[in-house]
>>> print(open('structure-v7.cif').read())   # mmCIF, C-alpha atoms
data_protein
#
loop_
_atom_site.group_PDB
_atom_site.id
_atom_site.type_symbol
_atom_site.label_atom_id
_atom_site.label_comp_id
_atom_site.auth_asym_id
_atom_site.auth_seq_id
_atom_site.Cartn_x
_atom_site.Cartn_y
_atom_site.Cartn_z
ATOM 1 C CA MET A 1 34.629 -32.161 97.118
ATOM 2 C CA ALA A 2 38.038 -31.056 95.783
ATOM 3 C CA SER A 3 37.524 -32.949 92.497
ATOM 4 C CA PHE A 4 34.091 -31.343 92.057
ATOM 5 C CA ALA A 5 35.636 -27.893 92.618
ATOM 6 C CA ARG A 6 38.356 -28.673 90.056
ATOM 7 C CA PHE A 7 35.720 -29.877 87.569
ATOM 8 C CA LEU A 8 33.674 -26.739 88.133
ATOM 9 C CA LEU A 9 36.757 -24.538 87.655
ATOM 10 C CA ILE A 10 37.689 -26.305 84.407
ATOM 11 C CA ALA A 11 34.114 -26.212 83.082
ATOM 12 C CA THR A 12 33.786 -22.520 83.928
ATOM 13 C CA SER A 13 37.156 -21.714 82.355
ATOM 14 C CA LEU A 14 36.207 -23.554 79.170
ATOM 15 C CA ALA A 15 32.852 -21.767 79.007
ATOM 16 C CA ILE A 16 34.563 -18.396 79.445
ATOM 17 C CA ILE A 17 37.129 -19.156 76.734
ATOM 18 C CA LEU A 18 34.435 -20.221 74.306
ATOM 19 C CA PHE A 19 32.275 -17.229 75.201
ATOM 20 C CA ILE A 20 35.127 -14.751 74.766
ATOM 21 C CA ASN A 21 36.538 -16.457 71.654
ATOM 22 C CA PRO A 22 33.671 -18.174 69.831
ATOM 23 C CA SER A 23 35.951 -19.018 66.890
ATOM 24 C CA ALA A 24 37.694 -21.482 69.198
ATOM 25 C CA ALA A 25 34.446 -23.442 69.318
ATOM 26 C CA LYS A 26 34.073 -23.447 65.534
ATOM 27 C CA SER A 27 35.165 -26.750 64.116
ATOM 28 C CA ARG A 28 37.387 -26.656 61.116
ATOM 29 C CA PRO A 29 36.390 -29.633 59.014
ATOM 30 C CA LEU A 30 38.803 -31.488 56.795
ATOM 31 C CA VAL A 31 38.919 -30.599 53.121
ATOM 32 C CA THR A 32 36.789 -32.832 50.911
ATOM 33 C CA TYR A 33 36.959 -33.729 47.247
ATOM 34 C CA ALA A 34 34.004 -31.354 46.696
ATOM 35 C CA ASP A 35 35.932 -28.515 48.389
ATOM 36 C CA ILE A 36 38.905 -29.063 46.102
ATOM 37 C CA ASN A 37 36.622 -29.137 43.051
ATOM 38 C CA THR A 38 35.026 -25.867 44.158
ATOM 39 C CA ILE A 39 38.406 -24.240 44.791
ATOM 40 C CA CYS A 40 39.878 -25.424 41.499
ATOM 41 C CA GLY A 41 36.765 -24.370 39.629
ATOM 42 C CA LYS A 42 37.522 -20.776 40.593
ATOM 43 C CA THR A 43 41.179 -20.781 39.514
ATOM 44 C CA GLU A 44 42.558 -19.714 36.152
ATOM 45 C CA ASP A 45 44.049 -23.155 35.411
ATOM 46 C CA GLN A 46 41.641 -25.724 36.828
ATOM 47 C CA SER A 47 43.570 -28.806 35.702
ATOM 48 C CA PHE A 48 46.816 -27.511 37.269
ATOM 49 C CA CYS A 49 44.973 -26.799 40.521
ATOM 50 C CA SER A 50 43.365 -30.221 40.533
ATOM 51 C CA ARG A 51 46.702 -31.972 39.910
ATOM 52 C CA VAL A 52 48.317 -30.004 42.742
ATOM 53 C CA LEU A 53 45.569 -30.198 45.344
ATOM 54 C CA THR A 54 44.813 -33.873 44.804
ATOM 55 C CA ASN A 55 48.477 -34.879 44.955
ATOM 56 C CA PRO A 56 48.549 -37.617 47.622
ATOM 57 C CA SER A 57 52.053 -36.666 48.784
ATOM 58 C CA LEU A 58 50.633 -33.347 50.045
ATOM 59 C CA HIS A 59 47.913 -35.090 52.098
ATOM 60 C CA PRO A 60 45.238 -32.530 51.137
ATOM 61 C CA TYR A 61 42.371 -34.570 52.585
ATOM 62 C CA GLU A 62 44.060 -34.679 55.986
ATOM 63 C CA THR A 63 43.877 -30.927 56.550
ATOM 64 C CA ASN A 64 41.419 -28.030 56.656
ATOM 65 C CA LEU A 65 41.286 -24.871 54.506
ATOM 66 C CA TYR A 66 43.942 -23.230 56.675
ATOM 67 C CA GLY A 67 46.269 -26.182 56.087
ATOM 68 C CA LEU A 68 45.517 -26.101 52.379
ATOM 69 C CA ALA A 69 46.478 -22.412 52.337
ATOM 70 C CA LYS A 70 49.721 -23.315 54.119
ATOM 71 C CA ILE A 71 50.446 -25.979 51.485
ATOM 72 C CA SER A 72 49.792 -23.443 48.707
ATOM 73 C CA ILE A 73 52.096 -20.904 50.329
ATOM 74 C CA ASN A 74 54.901 -23.453 50.607
ATOM 75 C CA LEU A 75 54.470 -24.446 46.960
ATOM 76 C CA ALA A 76 54.433 -20.777 45.893
ATOM 77 C CA LEU A 77 57.566 -20.039 47.942
ATOM 78 C CA THR A 78 59.409 -22.937 46.341
ATOM 79 C CA ALA A 79 58.243 -21.932 42.853
ATOM 80 C CA ALA A 80 59.247 -18.279 43.381
ATOM 81 C CA TYR A 81 62.674 -19.302 44.619
ATOM 82 C CA ASP A 82 63.174 -21.743 41.713
ATOM 83 C CA THR A 83 62.073 -19.112 39.204
ATOM 84 C CA GLN A 84 64.419 -16.539 40.646
ATOM 85 C CA GLN A 85 67.250 -19.074 40.437
ATOM 86 C CA ALA A 86 66.385 -19.735 36.769
ATOM 87 C CA ILE A 87 66.651 -16.028 35.967
ATOM 88 C CA SER A 88 70.275 -15.688 37.141
ATOM 89 C CA PRO A 89 71.858 -17.742 34.321
ATOM 90 C CA LEU A 90 69.663 -15.962 31.764
ATOM 91 C CA LEU A 91 70.905 -12.656 33.088
ATOM 92 C CA ASN A 92 74.515 -13.813 32.678
ATOM 93 C CA GLN A 93 73.833 -15.107 29.157
ATOM 94 C CA ALA A 94 72.045 -11.950 27.997
ATOM 95 C CA LYS A 95 73.247 -10.907 24.550
ATOM 96 C CA ASN A 96 72.654 -7.182 24.896
ATOM 97 C CA TYR A 97 71.760 -4.377 27.280
ATOM 98 C CA LYS A 98 68.019 -4.603 26.594
ATOM 99 C CA GLU A 99 67.915 -8.316 27.410
ATOM 100 C CA ARG A 100 70.036 -7.811 30.529
ATOM 101 C CA GLU A 101 67.740 -5.023 31.697
ATOM 102 C CA ALA A 102 64.645 -7.173 31.107
ATOM 103 C CA TYR A 103 66.038 -10.063 33.156
ATOM 104 C CA THR A 104 67.205 -7.669 35.879
ATOM 105 C CA LEU A 105 63.676 -6.273 36.148
ATOM 106 C CA CYS A 106 62.310 -9.821 36.152
ATOM 107 C CA SER A 107 64.685 -10.773 38.954
ATOM 108 C CA ASN A 108 63.493 -7.744 40.933
ATOM 109 C CA ASN A 109 59.893 -8.813 40.319
ATOM 110 C CA TYR A 110 60.659 -12.203 41.831
ATOM 111 C CA LYS A 111 62.332 -10.645 44.860
ATOM 112 C CA GLU A 112 59.057 -8.795 45.424
ATOM 113 C CA ALA A 113 57.030 -11.932 44.670
ATOM 114 C CA LEU A 114 59.001 -13.857 47.300
ATOM 115 C CA ALA A 115 58.404 -11.047 49.785
ATOM 116 C CA SER A 116 54.664 -11.130 49.006
ATOM 117 C CA VAL A 117 54.390 -14.864 49.596
ATOM 118 C CA ARG A 118 56.446 -14.672 52.794
ATOM 119 C CA ASN A 119 54.102 -11.913 53.918
ATOM 120 C CA ALA A 120 51.115 -14.130 53.089
ATOM 121 C CA ASN A 121 52.620 -16.807 55.318
ATOM 122 C CA ARG A 122 52.997 -14.331 58.188
ATOM 123 C CA LEU A 123 49.467 -13.024 57.685
ATOM 124 C CA LEU A 124 48.000 -16.521 57.534
ATOM 125 C CA ALA A 125 49.534 -17.256 60.930
ATOM 126 C CA LYS A 126 47.714 -14.157 62.230
ATOM 127 C CA HIS A 127 44.464 -15.357 60.587
ATOM 128 C CA ASP A 128 44.314 -12.156 58.524
ATOM 129 C CA TYR A 129 42.776 -13.868 55.509
ATOM 130 C CA ARG A 130 41.844 -10.659 53.700
ATOM 131 C CA ALA A 131 45.476 -9.558 53.730
ATOM 132 C CA VAL A 132 46.575 -13.042 52.587
ATOM 133 C CA ARG A 133 44.360 -12.463 49.548
ATOM 134 C CA VAL A 134 46.136 -9.199 48.787
ATOM 135 C CA SER A 135 49.569 -10.803 49.139
ATOM 136 C CA ALA A 136 48.600 -13.683 46.838
ATOM 137 C CA LEU A 137 47.350 -11.257 44.225
ATOM 138 C CA SER A 138 50.554 -9.235 44.573
ATOM 139 C CA GLY A 139 52.550 -12.370 43.783
ATOM 140 C CA VAL A 140 50.494 -12.926 40.632
ATOM 141 C CA GLU A 141 51.033 -9.319 39.546
ATOM 142 C CA GLU A 142 54.804 -9.571 40.051
ATOM 143 C CA ALA A 143 54.906 -12.710 37.897
ATOM 144 C CA LYS A 144 52.872 -10.966 35.181
ATOM 145 C CA ALA A 145 55.254 -8.014 35.313
ATOM 146 C CA CYS A 146 58.226 -10.350 34.872
ATOM 147 C CA GLU A 147 56.499 -11.922 31.913
ATOM 148 C CA SER A 148 55.931 -8.558 30.272
ATOM 149 C CA HIS A 149 59.463 -7.285 30.976
ATOM 150 C CA ALA A 150 61.262 -10.332 29.716
ATOM 151 C CA LYS A 151 58.999 -11.118 26.741
ATOM 152 C CA ILE A 152 60.047 -14.618 27.593
ATOM 153 C CA ASN A 153 60.989 -17.045 24.862
ATOM 154 C CA PRO A 154 57.977 -19.397 24.652
ATOM 155 C CA TYR A 155 60.298 -22.414 24.750
ATOM 156 C CA SER A 156 62.257 -21.245 27.796
ATOM 157 C CA ALA A 157 62.005 -23.138 31.079
ATOM 158 C CA LEU A 158 61.332 -19.746 32.653
ATOM 159 C CA VAL A 159 57.931 -19.618 30.955
ATOM 160 C CA GLN A 160 56.730 -22.754 32.731
ATOM 161 C CA LYS A 161 58.239 -21.746 36.064
ATOM 162 C CA ASN A 162 56.577 -18.340 35.851
ATOM 163 C CA ARG A 163 53.226 -19.938 34.925
ATOM 164 C CA ASP A 164 53.458 -22.411 37.801
ATOM 165 C CA PHE A 165 54.196 -19.641 40.284
ATOM 166 C CA LYS A 166 51.203 -17.626 39.053
ATOM 167 C CA ASN A 167 49.033 -20.733 39.376
ATOM 168 C CA TYR A 168 50.163 -21.422 42.956
ATOM 169 C CA CYS A 169 49.425 -17.809 43.920
ATOM 170 C CA ASN A 170 46.056 -18.033 42.185
ATOM 171 C CA ILE A 171 45.213 -21.171 44.184
ATOM 172 C CA LEU A 172 46.222 -19.363 47.376
ATOM 173 C CA TRP A 173 44.041 -16.409 46.392
ATOM 174 C CA VAL A 174 40.989 -18.656 45.905
ATOM 175 C CA ILE A 175 41.613 -20.502 49.191
ATOM 176 C CA SER A 176 42.018 -17.216 51.056
ATOM 177 C CA ASN A 177 38.692 -16.059 49.600
ATOM 178 C CA ARG A 178 37.093 -19.186 51.054
ATOM 179 C CA LEU A 179 38.775 -18.561 54.411
ATOM 180 C CA VAL A 180 37.336 -15.035 54.448
ATOM 181 C CA GLU A 181 33.873 -16.473 53.735
ATOM 182 C CA TYR A 182 34.030 -19.109 56.481
ATOM 183 C CA TYR A 183 36.012 -17.445 59.231
#
>>> encode(input="structure-v7.cif", output="C-alpha cells")
Amino acid sequence: MASFARFLLIATSLAIILFINPSAAKSRPLVTYADINTICGKTEDQSFCSRVLTNPSLHPYETNLYGLAKISINLALTAAYDTQQAISPLLNQAKNYKEREAYTLCSNNYKEALASVRNANRLLAKHDYRAVRVSALSGVEEAKACESHAKINPYSALVQKNRDFKNYCNILWVISNRLVEYY
C-alpha cells in the first residue's frame, strides 16, 4: 500500500510539472546533418559555418540546438578575445595619431563585442532566445564598426580575426532564430 501511494504521488507530481511547464515535456532532439546544412545555408559565409559546425572535435551531432548555440557563443568569445589581443600591438605600433585613434576605437568596439557575447551567454541560460539574437547581431555590428574605423590592411591578421568573429556571431544569430522558432 505504501509503495502504491509513493507511485501515485510521483505520478501526480510528474503530471503537475508537465502540465504547469509543458516545455519540460518537449524533447530536444540532437542536431542532424540536415539541421547544420539549414543553419549554414542562412549564414553569410556558408563554407565557414559548415567547417565550424561539422568539426568533430566540437561534437555537434551529440547536442541539440541549445548546445550548438553554446558552442557558437564559446567560439565567438574566444575569437573576440583573440581579436582584442591582436589590436593591442597594432595600437602600440601605430605610426600617427589617426592610426592610434582608429585602433583605440577598434579596441573599444571589441570590448563592447565581448560584452555582447557574454550577455548572449547569460540570456541563453535564461532561454531568452530573442534577446540572444539581439546580442549576436550587436557583436556583428561592433566588428563591422572596428573594420570601418581601422580601415584594416587587407593583409593584416586582424582582418581574418575580425571576419571569423563576425562569422561566429552570424552563426549564433541564425541558431538563435531557429531556437525562437522551435521553443
>>> resolve_selection(input="structure-v7.cif", expression="the PyMOL selection byres ((chain A and resi 179) around 12)", output="ChimeraX atom specification")
/A:28,35,39,64-70,124,127-133,172-178,180-183
>>> residues_around(input="structure-v7.cif", residues="Cys169 in chain A", least_positions_apart="2", cutoff="8 Å", atoms="only C-alpha atoms", output="ChimeraX atom specification")
/A:72-73,76,136-137,139-140,165-167,171-173
>>> atom_distance(input="structure-v7.cif", atom1="CA of Gln93 in chain A", atom2="CA of Tyr155 in chain A")
16.0 Å
>>> resolve_selection(input="structure-v7.cif", expression="the PyMOL selection byres ((chain A and resi 48-54) around 10)", output="list in words")
Tyr33, Ile36, Asn37, Ile39, Cys40, Gly41, Lys42, Thr43, Glu44, Asp45, Gln46, Ser47, Asn55, Pro56, Ser57, Leu58, His59, Pro60, Tyr61, Leu68, Ile71, Ser72, Leu75, Asp164, Asn167, Tyr168, Asn170 and Ile171 of chain A
>>> write_last_selection(input="structure-v7.cif", atoms="C-alpha atoms", output="CSV table (one decimal), in the coordinates of the input")
chain,number,residue,atom,x,y,z
A,33,TYR,CA,37.0,-33.7,47.2
A,36,ILE,CA,38.9,-29.1,46.1
A,37,ASN,CA,36.6,-29.1,43.1
A,39,ILE,CA,38.4,-24.2,44.8
A,40,CYS,CA,39.9,-25.4,41.5
A,41,GLY,CA,36.8,-24.4,39.6
A,42,LYS,CA,37.5,-20.8,40.6
A,43,THR,CA,41.2,-20.8,39.5
A,44,GLU,CA,42.6,-19.7,36.2
A,45,ASP,CA,44.0,-23.2,35.4
A,46,GLN,CA,41.6,-25.7,36.8
A,47,SER,CA,43.6,-28.8,35.7
A,55,ASN,CA,48.5,-34.9,45.0
A,56,PRO,CA,48.5,-37.6,47.6
A,57,SER,CA,52.1,-36.7,48.8
A,58,LEU,CA,50.6,-33.3,50.0
A,59,HIS,CA,47.9,-35.1,52.1
A,60,PRO,CA,45.2,-32.5,51.1
A,61,TYR,CA,42.4,-34.6,52.6
A,68,LEU,CA,45.5,-26.1,52.4
A,71,ILE,CA,50.4,-26.0,51.5
A,72,SER,CA,49.8,-23.4,48.7
A,75,LEU,CA,54.5,-24.4,47.0
A,164,ASP,CA,53.5,-22.4,37.8
A,167,ASN,CA,49.0,-20.7,39.4
A,168,TYR,CA,50.2,-21.4,43.0
A,170,ASN,CA,46.1,-18.0,42.2
A,171,ILE,CA,45.2,-21.2,44.2
>>> resolve_selection(input="structure-v7.cif", expression="the PyMOL selection byres ((chain A and resi 87) around 12)", output="number ranges by chain")
A: 80-86, 88-94, 99-111, 146-147, 150, 152, 156-159, 161-162
>>> write_last_selection(input="structure-v7.cif", atoms="C-alpha atoms", output="PDB file, keeping the file's coordinate frame")
ATOM      1  CA  ALA A  80      59.247 -18.279  43.381  1.00  0.00           C
ATOM      2  CA  TYR A  81      62.674 -19.302  44.619  1.00  0.00           C
ATOM      3  CA  ASP A  82      63.174 -21.743  41.713  1.00  0.00           C
ATOM      4  CA  THR A  83      62.073 -19.112  39.204  1.00  0.00           C
ATOM      5  CA  GLN A  84      64.419 -16.539  40.646  1.00  0.00           C
ATOM      6  CA  GLN A  85      67.250 -19.074  40.437  1.00  0.00           C
ATOM      7  CA  ALA A  86      66.385 -19.735  36.769  1.00  0.00           C
ATOM      8  CA  SER A  88      70.275 -15.688  37.141  1.00  0.00           C
ATOM      9  CA  PRO A  89      71.858 -17.742  34.321  1.00  0.00           C
ATOM     10  CA  LEU A  90      69.663 -15.962  31.764  1.00  0.00           C
ATOM     11  CA  LEU A  91      70.905 -12.656  33.088  1.00  0.00           C
ATOM     12  CA  ASN A  92      74.515 -13.813  32.678  1.00  0.00           C
ATOM     13  CA  GLN A  93      73.833 -15.107  29.157  1.00  0.00           C
ATOM     14  CA  ALA A  94      72.045 -11.950  27.997  1.00  0.00           C
ATOM     15  CA  GLU A  99      67.915  -8.316  27.410  1.00  0.00           C
ATOM     16  CA  ARG A 100      70.036  -7.811  30.529  1.00  0.00           C
ATOM     17  CA  GLU A 101      67.740  -5.023  31.697  1.00  0.00           C
ATOM     18  CA  ALA A 102      64.645  -7.173  31.107  1.00  0.00           C
ATOM     19  CA  TYR A 103      66.038 -10.063  33.156  1.00  0.00           C
ATOM     20  CA  THR A 104      67.205  -7.669  35.879  1.00  0.00           C
ATOM     21  CA  LEU A 105      63.676  -6.273  36.148  1.00  0.00           C
ATOM     22  CA  CYS A 106      62.310  -9.821  36.152  1.00  0.00           C
ATOM     23  CA  SER A 107      64.685 -10.773  38.954  1.00  0.00           C
ATOM     24  CA  ASN A 108      63.493  -7.744  40.933  1.00  0.00           C
ATOM     25  CA  ASN A 109      59.893  -8.813  40.319  1.00  0.00           C
ATOM     26  CA  TYR A 110      60.659 -12.203  41.831  1.00  0.00           C
ATOM     27  CA  LYS A 111      62.332 -10.645  44.860  1.00  0.00           C
ATOM     28  CA  CYS A 146      58.226 -10.350  34.872  1.00  0.00           C
ATOM     29  CA  GLU A 147      56.499 -11.922  31.913  1.00  0.00           C
ATOM     30  CA  ALA A 150      61.262 -10.332  29.716  1.00  0.00           C
ATOM     31  CA  ILE A 152      60.047 -14.618  27.593  1.00  0.00           C
ATOM     32  CA  SER A 156      62.257 -21.245  27.796  1.00  0.00           C
ATOM     33  CA  ALA A 157      62.005 -23.138  31.079  1.00  0.00           C
ATOM     34  CA  LEU A 158      61.332 -19.746  32.653  1.00  0.00           C
ATOM     35  CA  VAL A 159      57.931 -19.618  30.955  1.00  0.00           C
ATOM     36  CA  LYS A 161      58.239 -21.746  36.064  1.00  0.00           C
ATOM     37  CA  ASN A 162      56.577 -18.340  35.851  1.00  0.00           C
TER      38      ASN A 162
END
>>> decode(input="structure-v7.cif", residues="range 101-113 of chain A", atoms="all heavy atoms", output="PDB file, in the first residue's frame")
ATOM      1  N   GLU A 101      44.175  56.443 -33.058  1.00  0.00           N
ATOM      2  CA  GLU A 101      42.774  56.662 -32.751  1.00  0.00           C
ATOM      3  C   GLU A 101      41.890  55.551 -33.341  1.00  0.00           C
ATOM      4  O   GLU A 101      40.975  55.044 -32.680  1.00  0.00           O
ATOM      5  CB  GLU A 101      42.314  58.015 -33.289  1.00  0.00           C
ATOM      6  CG  GLU A 101      40.879  58.324 -32.953  1.00  0.00           C
ATOM      7  CD  GLU A 101      40.431  59.664 -33.511  1.00  0.00           C
ATOM      8  OE1 GLU A 101      40.968  60.107 -34.534  1.00  0.00           O
ATOM      9  OE2 GLU A 101      39.520  60.244 -32.911  1.00  0.00           O
ATOM     10  N   ALA A 102      42.200  55.148 -34.569  1.00  0.00           N
ATOM     11  CA  ALA A 102      41.428  54.090 -35.225  1.00  0.00           C
ATOM     12  C   ALA A 102      41.523  52.785 -34.442  1.00  0.00           C
ATOM     13  O   ALA A 102      40.510  52.117 -34.207  1.00  0.00           O
ATOM     14  CB  ALA A 102      41.914  53.891 -36.655  1.00  0.00           C
ATOM     15  N   TYR A 103      42.734  52.419 -34.022  1.00  0.00           N
ATOM     16  CA  TYR A 103      42.899  51.173 -33.274  1.00  0.00           C
ATOM     17  C   TYR A 103      42.314  51.271 -31.866  1.00  0.00           C
ATOM     18  O   TYR A 103      41.825  50.278 -31.326  1.00  0.00           O
ATOM     19  CB  TYR A 103      44.366  50.742 -33.233  1.00  0.00           C
ATOM     20  CG  TYR A 103      44.835  50.199 -34.559  1.00  0.00           C
ATOM     21  CD1 TYR A 103      45.946  50.719 -35.191  1.00  0.00           C
ATOM     22  CD2 TYR A 103      44.149  49.154 -35.181  1.00  0.00           C
ATOM     23  CE1 TYR A 103      46.367  50.211 -36.416  1.00  0.00           C
ATOM     24  CE2 TYR A 103      44.556  48.644 -36.398  1.00  0.00           C
ATOM     25  CZ  TYR A 103      45.668  49.181 -37.016  1.00  0.00           C
ATOM     26  OH  TYR A 103      46.077  48.678 -38.227  1.00  0.00           O
ATOM     27  N   THR A 104      42.333  52.464 -31.288  1.00  0.00           N
ATOM     28  CA  THR A 104      41.695  52.667 -29.984  1.00  0.00           C
ATOM     29  C   THR A 104      40.187  52.452 -30.100  1.00  0.00           C
ATOM     30  O   THR A 104      39.575  51.763 -29.272  1.00  0.00           O
ATOM     31  CB  THR A 104      41.992  54.077 -29.435  1.00  0.00           C
ATOM     32  OG1 THR A 104      43.404  54.216 -29.274  1.00  0.00           O
ATOM     33  CG2 THR A 104      41.295  54.315 -28.105  1.00  0.00           C
ATOM     34  N   LEU A 105      39.587  53.030 -31.141  1.00  0.00           N
ATOM     35  CA  LEU A 105      38.155  52.834 -31.369  1.00  0.00           C
ATOM     36  C   LEU A 105      37.844  51.359 -31.628  1.00  0.00           C
ATOM     37  O   LEU A 105      36.856  50.820 -31.135  1.00  0.00           O
ATOM     38  CB  LEU A 105      37.678  53.700 -32.538  1.00  0.00           C
ATOM     39  CG  LEU A 105      37.640  55.204 -32.270  1.00  0.00           C
ATOM     40  CD1 LEU A 105      37.374  55.963 -33.566  1.00  0.00           C
ATOM     41  CD2 LEU A 105      36.605  55.548 -31.221  1.00  0.00           C
ATOM     42  N   CYS A 106      38.716  50.710 -32.382  1.00  0.00           N
ATOM     43  CA  CYS A 106      38.537  49.286 -32.679  1.00  0.00           C
ATOM     44  C   CYS A 106      38.613  48.459 -31.390  1.00  0.00           C
ATOM     45  O   CYS A 106      37.818  47.544 -31.189  1.00  0.00           O
ATOM     46  CB  CYS A 106      39.610  48.857 -33.676  1.00  0.00           C
ATOM     47  SG  CYS A 106      39.272  47.309 -34.495  1.00  0.00           S
ATOM     48  N   SER A 107      39.546  48.800 -30.540  1.00  0.00           N
ATOM     49  CA  SER A 107      39.673  48.104 -29.258  1.00  0.00           C
ATOM     50  C   SER A 107      38.402  48.291 -28.425  1.00  0.00           C
ATOM     51  O   SER A 107      37.910  47.337 -27.810  1.00  0.00           O
ATOM     52  CB  SER A 107      40.888  48.636 -28.502  1.00  0.00           C
ATOM     53  OG  SER A 107      41.015  48.004 -27.260  1.00  0.00           O
ATOM     54  N   ASN A 108      37.874  49.507 -28.436  1.00  0.00           N
ATOM     55  CA  ASN A 108      36.615  49.772 -27.716  1.00  0.00           C
ATOM     56  C   ASN A 108      35.465  48.967 -28.315  1.00  0.00           C
ATOM     57  O   ASN A 108      34.613  48.469 -27.581  1.00  0.00           O
ATOM     58  CB  ASN A 108      36.291  51.261 -27.723  1.00  0.00           C
ATOM     59  CG  ASN A 108      37.237  52.054 -26.855  1.00  0.00           C
ATOM     60  OD1 ASN A 108      37.863  51.522 -25.944  1.00  0.00           O
ATOM     61  ND2 ASN A 108      37.363  53.341 -27.130  1.00  0.00           N
ATOM     62  N   ASN A 109      35.456  48.847 -29.646  1.00  0.00           N
ATOM     63  CA  ASN A 109      34.420  48.034 -30.292  1.00  0.00           C
ATOM     64  C   ASN A 109      34.494  46.600 -29.797  1.00  0.00           C
ATOM     65  O   ASN A 109      33.457  45.973 -29.547  1.00  0.00           O
ATOM     66  CB  ASN A 109      34.574  48.041 -31.814  1.00  0.00           C
ATOM     67  CG  ASN A 109      34.237  49.361 -32.444  1.00  0.00           C
ATOM     68  OD1 ASN A 109      35.024  49.908 -33.202  1.00  0.00           O
ATOM     69  ND2 ASN A 109      33.078  49.899 -32.135  1.00  0.00           N
ATOM     70  N   TYR A 110      35.699  46.073 -29.639  1.00  0.00           N
ATOM     71  CA  TYR A 110      35.821  44.685 -29.202  1.00  0.00           C
ATOM     72  C   TYR A 110      35.522  44.504 -27.725  1.00  0.00           C
ATOM     73  O   TYR A 110      35.087  43.431 -27.315  1.00  0.00           O
ATOM     74  CB  TYR A 110      37.168  44.072 -29.624  1.00  0.00           C
ATOM     75  CG  TYR A 110      36.962  43.393 -30.954  1.00  0.00           C
ATOM     76  CD1 TYR A 110      37.147  44.064 -32.144  1.00  0.00           C
ATOM     77  CD2 TYR A 110      36.466  42.097 -31.012  1.00  0.00           C
ATOM     78  CE1 TYR A 110      36.875  43.463 -33.362  1.00  0.00           C
ATOM     79  CE2 TYR A 110      36.194  41.483 -32.220  1.00  0.00           C
ATOM     80  CZ  TYR A 110      36.399  42.167 -33.389  1.00  0.00           C
ATOM     81  OH  TYR A 110      36.110  41.563 -34.577  1.00  0.00           O
ATOM     82  N   LYS A 111      35.702  45.544 -26.925  1.00  0.00           N
ATOM     83  CA  LYS A 111      35.245  45.466 -25.533  1.00  0.00           C
ATOM     84  C   LYS A 111      33.724  45.322 -25.513  1.00  0.00           C
ATOM     85  O   LYS A 111      33.174  44.519 -24.761  1.00  0.00           O
ATOM     86  CB  LYS A 111      35.670  46.706 -24.751  1.00  0.00           C
ATOM     87  CG  LYS A 111      37.143  46.735 -24.413  1.00  0.00           C
ATOM     88  CD  LYS A 111      37.535  48.006 -23.707  1.00  0.00           C
ATOM     89  CE  LYS A 111      39.042  48.043 -23.526  1.00  0.00           C
ATOM     90  NZ  LYS A 111      39.516  49.357 -23.102  1.00  0.00           N
ATOM     91  N   GLU A 112      33.061  46.092 -26.356  1.00  0.00           N
ATOM     92  CA  GLU A 112      31.596  46.005 -26.461  1.00  0.00           C
ATOM     93  C   GLU A 112      31.166  44.668 -27.068  1.00  0.00           C
ATOM     94  O   GLU A 112      30.162  44.096 -26.658  1.00  0.00           O
ATOM     95  CB  GLU A 112      31.056  47.167 -27.305  1.00  0.00           C
ATOM     96  CG  GLU A 112      31.171  48.517 -26.644  1.00  0.00           C
ATOM     97  CD  GLU A 112      30.391  48.604 -25.342  1.00  0.00           C
ATOM     98  OE1 GLU A 112      29.257  48.105 -25.287  1.00  0.00           O
ATOM     99  OE2 GLU A 112      30.938  49.174 -24.376  1.00  0.00           O
ATOM    100  N   ALA A 113      31.921  44.195 -28.050  1.00  0.00           N
ATOM    101  CA  ALA A 113      31.593  42.908 -28.682  1.00  0.00           C
ATOM    102  C   ALA A 113      31.686  41.780 -27.655  1.00  0.00           C
ATOM    103  O   ALA A 113      30.808  40.912 -27.599  1.00  0.00           O
ATOM    104  CB  ALA A 113      32.534  42.643 -29.853  1.00  0.00           C
TER     105      ALA A 113
END
